[in-house]
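Single-structure report; data block below.
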Amino acid sequence: MSREVKVVLLGTTGVGKSSLVLRYVTSQFHPHSESTIGAAFMSKMTLMKLKCKDGDGQDTSKIVKFQIWDTAGQEKYATLAPMYYRSSDAAAIVYDVTNAASYGKVKEWVAEVRENAERHCVVVVVGNKVDLLGGGGGERAVAKEEVESYVRSIGGIYIEASAKDKIGVGDIFQRIVEELPGIHDEGDEDSEMGSMKGFKLKGGGRGGGDSGCCS
Amino acid sequence: MADFEEQKIAAVPDEAPEEPEEAKAKLPDWVPEGCEVLADGEYDAIILGTGLKECVMSGLLSTMGMKVLHLDRYSYYGAECASLNLSNLYEKFKAGEPASYLGSNRDYNVDLIPKFIMASGKLTKMLLHTKVTRYLEFKSIDGSYVQQGGKVLKVPATPDEALRSSLMGMFEKRRFRNFLVYVNAYDEKDPSTWKDKNLQTMTMKQLYEAFGLVPATHEFISHAMCLEVTEEHMSLPALQTVKKLQCYCTSMQMYGKTPYIYPMYGLGGLPEGFSRLCAIHGGTFMLNRDVDEILFDELGAAWGVKCGNEVAKGTMVIGDPSYFPKEKVKSVGKVVRSICFLNHPIPNTNNAESAQIIIPGPQVGRKNDVFVCMMSDQQKVSAQGVYVAIVSTKVETANPATELNCGLALLGNILQRFDSVAECYAPVGDGLADRCFISSSFDGTSHFEDDCEDLLSLYKRVTGEELDMTIDASSVEADY
């Protein structure tokens, strides 16, 4: 009954992609965090509320296992491999609300997603670091209306967030789930799509361990 | 707060790797006159070409804590073993515009070098060891075939199939079964399984004969199961070939009807996966960056690379042969390949959506086997209804194009063909003195077993140690 959802993070170096995930997955925030090192992807299994009501008018929900892929620094020289985008259900394109250049890159990332990701991939644009606004030591670089209007024009979702002050982070993932095609369907997608999907390699046993005969 | 600000400032450069003004003023003293620093400047290892071997190396070295800079002259990962989309494929072969019936560019991931993975082979172990396997999904190859006496026949997958197979006569089937039972039970370390046969001294030919097997059976076992590409192994100690047969049999039992597996979206996913392993450990990748020069000191040891007027320094330079001066590599033969688009599965393969056909050299008067690999949209390498068949062999004559005819003849109608002849290179030296650690070109075999041997040798030359496949790479997993 659970559903696995692959979310890829995109955005210019230093806009706080990793901090958002860290906040969402572990409820932590590291102000000193350096460029991303060390995580292949983070996963979080959680019960998500769905948009539609059941027959009795009650809220419905579903267990979702998020696989959140971080760029691992490969965005810096635009060397993200096609594999990164493949079979992603959603792309969270992050920019820093106080940094116009980081917003300027959003359109390029949208184009990358359209080119490389599945057609049904949900696009969320995240304006991060809103804690810097209004006395936080920074100014809004692009008018909110302008961003909202652009995001609407590409059929995406716009959310403002702060990994530091814990604003809007959960909303990113809540909105992704609400927009996912087929999320209300019963059962595992695996069983439906079984023949089209591949399998994971299995470790241990005769093939994986050093007991195998091919070494 | 101050720290947070600092992070923001560090984050701003997103165009090119721009050094702050003051840093430009005091370039490190190793930077030649008139040159700039490339990326971070100083690295433990500079790796050239994003082929599979190079990406495995950068993944392993960065996991060990080395600082890695990885460059490629092309705009895509994979170098010679990339999987290309239609536009890159047509550009590579200068074939004009892709025909519209082929469908969408992004549906294609066409391998330049066709290979399958043995399910329990060395590459699989490397994927599991490094956990790169978590980025990949695989499919079993549907059918494994061998040409015998002008016919394409299925390589039996089960003892039952062996008994029904027309590859062998009735009595031969029983002898074949006895042979397999012996091989499966054989343990190098346990003399009781040897049954008075010393496979270290006995040749493969003698072993076949000891079981009363006829030459036609020798041929299909050696070529279609042990994946020997020539007849050389027949006069060598049997142990090596027997181990290959054991690998075949183990692989057979793992996932499907054949011992071969293949990554969804093409082999290019393999180097991509290892590149991600490297990036996660802090490695830097730059694509579309040709290396103009490898820089050597007065003793002839490499100390860096130059791209345009940018220079990076490294304690070693690792890469595929195409990046190094001619005198550092030697030619070891040529491989001819033809990538073909079909609108049907290969005839006589029971409509398999993916298949391998091995044509043993002796069947067609050749020394080297001819391989046919076929994939389809089932592996996400092509649009629905389009099949990609790749025929390849090691070049033996002055007219390589004709050497593939026996394989092409099996394909039926071909929509489009891309032919190539690739020179294969191997390093001249071991790299210890000149700090140039060079991989060998991919060979003409249909699997990665020998390429993994080259990789293990490269690893040993670079690190001075054997690759310990028992090291657990789980420390990189953030699975909360």
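Quick note on naming: the chains in the structure tokens go A, B, ... in the order shown, residues restart at 1 in each chain, and ligands are numbered from 1 in order of appearance.
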
Check: Which residues come within 12 Å of Asn350 of chain B, counting only C-alpha atoms, excluding same-chain residues fewer than 6 positions away, as a list in words?
Finding: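 The neighbour list is Asp142, Gly143, Ser144, Tyr145, Val152, Leu153, Lys154 and His344 of chain B.
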
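The residues of segment 90-155 of chain A that DSSP assigns to alpha helix (DSSP H) on this backbone come out as A:Ala100, A:Ala101, A:Ser102, A:Tyr103, A:Gly104, A:Val106, A:Lys107, A:Glu108, A:Trp109, A:Val110, A:Ala111, A:Glu112, A:Val113, A:Arg114, A:Glu115, A:Asn116, A:Lys144, A:Glu145, A:Glu146, A:Val147, A:Glu148, A:Ser149, A:Tyr150, A:Val151, A:Arg152, A:Ser153.
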
Next item on the list: Take atom CA of Tyr158 of chain A and atom CA of Ala279 of chain B and report the distance between them in Å, one decimal.
Entry: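 Straight-line distance from atom CA of Tyr158 of chain A to atom CA of Ala279 of chain B works out to 29.0 Å.
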
Note to self: So that I can see what lies close to Asp89 of chain A, please list as a VMD selection string the residues with an atom at most 12 Å from it, counting only C-alpha atoms and leaving out residues fewer than 6 positions away in the same chain.
What the structure shows: chain A and resid 3 to 9 65 to 69 113 117 to 124 173 176 to 183

Item checked: Selected residue, from B:Leu38, B:Leu410, B:Met316, B:Ala422, that lies nearest to chain A when counting only C-alpha atoms ->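 Distance minimum relative to chain A lands on B:Leu38.
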
Next item on the list: Rank nothing, just name the residue among A:Ala92, A:Leu80, A:Leu50, A:Leu10 nearest to chain B, using only C-alpha atoms.
Entry: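 The answer is A:Leu80, which sits nearest to chain B.
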